[in-house]
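Report on the structure given below.
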Amino acid sequence: MKRRPFLGILASLGLAAAASKAHAKVEKNPPLEDEELKKALDHPDPSRALLQRPTKDSISVAWSVERPSAGWVEWGTTPDLGNIARSSVGGLNVFDERFLSAKIEGLQPGTTYYYRTVTQGMEFIRYGKLFAGDPVYGEVNTFTTADETADTAKFAIFSDTHETIPYLQALAKRIDEFEPECVIWNGDHLNDTNSADQAIKGILKAADTPWNSNRPAFLTGGNHDHRGPWARKLTQIFLPQNETCPKYHQLIYNFAYRIGPVAIIGLDTGEDKPDFHPIWSGLSNFDAMRVLQAEWLEETLNRPEIASAPFVVAACHIPLYAKDPNANPGEILDGWAYWQRRCAELWTPVLNKYKVQVVVTGHLHNPIKAEMADENRGWVQMHGGAGEEKNRTIILGQIENGRLVMRRENLTKGEVDEELFFDPRS
Ligand SMILES: [Fe+2]
Ligand SMILES: [Fe+2]
């Protein structure tokens with residue numbers, strides 16, 4: 001465009017003076033001359049992406065950085081990507097010291113997408129003094145959106161990793177082999193939740209493969225995940241599930257996800273001690289959360305895509321049943337809960353009513369045999385393992401010949417130690 005006609009157009013709009021001024025002086029940040037800082041800005045050290053919160057047409061990504069940075073996600077239906085997703089609130093794109101996230105929207109069901117994170121280290125001293133490094137590109141990963149009409153489904157559940165790196169690496173290896181459509185972290189991934197560094201090490205940088213980047217991951221929340229001063233910030237890694245729901249926004253880890261004929265429900269059993277326990281000094285309010293979850297569970301099991309699922313698997317950290325009538329029910333000051341009686345009383349009638357077939361739990365650090373359904377409890381309770389070498393297990397679920405098969409594998413021994421079959425709900 002030639003300058004004269006351009007100014008003529010602006011003049012007709014009364015904007016010529018503004019255009020001249022814009023050419024006279026453009027505000028900009030000063031050049032970066034500090035070589036040390038430039039090097040640091042170019043190395044924000046992003047973690048691998050944690051893919052999560054899938055909905056019918058969207059999915060979210062979170063990752064960590066080691067210095068203040070901005071970031072976004074490039075995505076598309078081919079490795080050429082072509083679209084950008086940025087997290088933006090109130091006109092401000094995300095900029096954070098440790099955690100970045102983005103939500104990809106406009107997805108179609110049963111479709112494979114490619115994506116990568118892009119991280120840009122920044123030193124933001126004040127407006128007018130901001131230095132930005134070169135963009136750092138993550139590897140291109142893929143994910144496939146769920147298809148409710150598919151007749152297959154594959155998922156993986158594990159718990160109680162407690163920052164045990166060899167266990168996490170064994171899980172990553174098996175998940176990369178099995179290629180489930182989603183993974184459920186069924187609680188106690190941290191030894192109490194004290195800092196961002198600890199959470200990054202125990203979750204985002206626990207294993208160096210894309211095991212949580214190529215499929216959505218969910219967290220159910222274990223007692224140790226709720227403990228410690230940083231527990232309130234864990235949602236920077238596992239983003240809050242129901243944040244836009246006026247009624248259930250405080251249920252940060254509750255989820256329901258339908259893959260093929262299987263619906264997976266995530267429930268949060270909270271701490272393994274009562275709210276009045278002195279160790280909490282009044283900082284816990286899990287009972288209200290358990291009550292609210294009973295309502296959420298009823299509504300969720302009635303959602304069309306969940307109600308129509310032939311199989312429903314629930315996952316929660318603390319068991320909802322104990323064979324031993326004297327086992328600690330989580331309502332006393334002594335010791336810790338072997339099972340969660342309050343959750344069992346609130347949720348079992350709903351689980352029974354909707355014929356949920358199996359509840360997968362953790363917490364005991366002991367992969368004991370499943371407890372079969374009885375006259376009071378319509379669901380089977382299946383137990384996960386833990387970080388101790390002999391107890392390192394993973395539960396793998398898939399559809400075989402029209403039935404749901406849940407196999408628990410001992411990763412140390414390399415063998416299946418439990419196998420359960422479920423017929424469709426009638
Ligand atoms: Fe644990
Ligand atoms: Fe636990």
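A note on labels: chains of the structure tokens are A, B, ... as shown, every chain counts residues from 1, and ligands are counted from 1 in their shown order.
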
Just the residues within 8 Å of A:Gln340, please, counting only C-alpha atoms, with nothing from its chain fewer than 4 positions along; format it as a list of chain:residue names. A:Thr269, A:Asp272, A:Ile318, A:Pro319, A:Leu320, A:Tyr321, A:Pro329, A:Gly330, A:Ala344

Contacts with ligand 1 at most 6 Å, only C-alpha atoms and all ligand atoms counted, listed as a compact mmCIF listing (two decimals) with N, CA and C atoms, in the first residue's frame:
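To be explicit, this is the file written out as part-v9.txt:
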```txt
# COMPACT_ATOMS: atom_id res chain seq x y z
N ASP A 160 -0.73 -45.00 44.25
CA ASP A 160 0.30 -45.06 45.30
C ASP A 160 1.72 -45.13 44.75
N ASP A 188 -2.46 -40.80 45.74
CA ASP A 188 -1.18 -40.93 46.45
C ASP A 188 0.01 -40.95 45.48
N HIS A 363 -4.46 -47.27 48.11
CA HIS A 363 -4.30 -46.88 49.51
C HIS A 363 -3.71 -47.94 50.42
```

Do you know which residues are within 12 Å of ligand 2 using only C-alpha atoms and all ligand atoms? Can you write them as a PyMOL selection string? chain A and resi 159-162+186-192+220-227+268-273+316-319+330+336-340+361-366+384-387

List as CSV every residue of stretch 63-93 of chain A that is in contact with stretch 42-51 of chain A, defined as an atom at most 12 Å from one of its atoms (using only C-alpha atoms), together with the nearest atom pair and the distance in Å rounded to one decimal, sorted by chain and then rising number.
```
residue,atom,partner,partner_atom,distance
A:Trp63,CA,A:Ala49,CA,5.0
A:Ser64,CA,A:Ser47,CA,5.2
A:Val65,CA,A:Pro46,CA,4.5
A:Glu66,CA,A:Pro44,CA,5.4
A:Arg67,CA,A:Pro44,CA,5.5
A:Pro68,CA,A:Pro44,CA,7.6
A:Ser69,CA,A:Pro44,CA,6.9
A:Ala70,CA,A:Pro44,CA,9.7
A:Gly71,CA,A:Pro46,CA,9.7
A:Trp72,CA,A:Ala49,CA,11.3
A:Val73,CA,A:Ala49,CA,9.9
```

Go ahead and dump the residues you just picked, N, CA and C atoms, as a short mmCIF file (atom, residue, chain, number, x, y, z; two decimals), in the first residue's frame.
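Final file, again-v6.cif:
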```cif
data_model
loop_
_atom_site.label_atom_id
_atom_site.label_comp_id
_atom_site.auth_asym_id
_atom_site.auth_seq_id
_atom_site.Cartn_x
_atom_site.Cartn_y
_atom_site.Cartn_z
N TRP A 63 1.80 -28.18 31.53
CA TRP A 63 3.21 -28.56 31.62
C TRP A 63 3.93 -27.59 32.55
N SER A 64 5.11 -27.99 32.97
CA SER A 64 5.84 -27.14 33.92
C SER A 64 7.03 -26.50 33.22
N VAL A 65 7.52 -25.43 33.82
CA VAL A 65 8.73 -24.74 33.35
C VAL A 65 9.61 -24.45 34.56
N GLU A 66 10.85 -24.19 34.28
CA GLU A 66 11.80 -23.95 35.38
C GLU A 66 12.12 -22.47 35.56
N ARG A 67 11.47 -21.62 34.77
CA ARG A 67 11.62 -20.17 34.96
C ARG A 67 10.36 -19.50 34.41
N PRO A 68 10.09 -18.25 34.77
CA PRO A 68 8.88 -17.60 34.25
C PRO A 68 8.83 -17.65 32.72
N SER A 69 7.67 -18.03 32.22
CA SER A 69 7.53 -18.24 30.77
C SER A 69 6.10 -17.99 30.33
N ALA A 70 5.95 -17.78 29.03
CA ALA A 70 4.65 -17.84 28.38
C ALA A 70 4.61 -19.15 27.59
N GLY A 71 3.43 -19.55 27.15
CA GLY A 71 3.38 -20.80 26.38
C GLY A 71 2.05 -20.99 25.70
N TRP A 72 2.06 -21.81 24.68
CA TRP A 72 0.85 -22.13 23.95
C TRP A 72 1.00 -23.51 23.31
N VAL A 73 -0.06 -23.96 22.69
CA VAL A 73 -0.05 -25.28 22.05
C VAL A 73 -0.36 -25.11 20.57
#
```

Taking the backbone alone, and naming residues the way the document does, which bits of stretch 36-251 of chain A are alpha helix (DSSP H) by DSSP, as a ChimeraX atom specification? /A:36-41,165-178,196-199,223-226
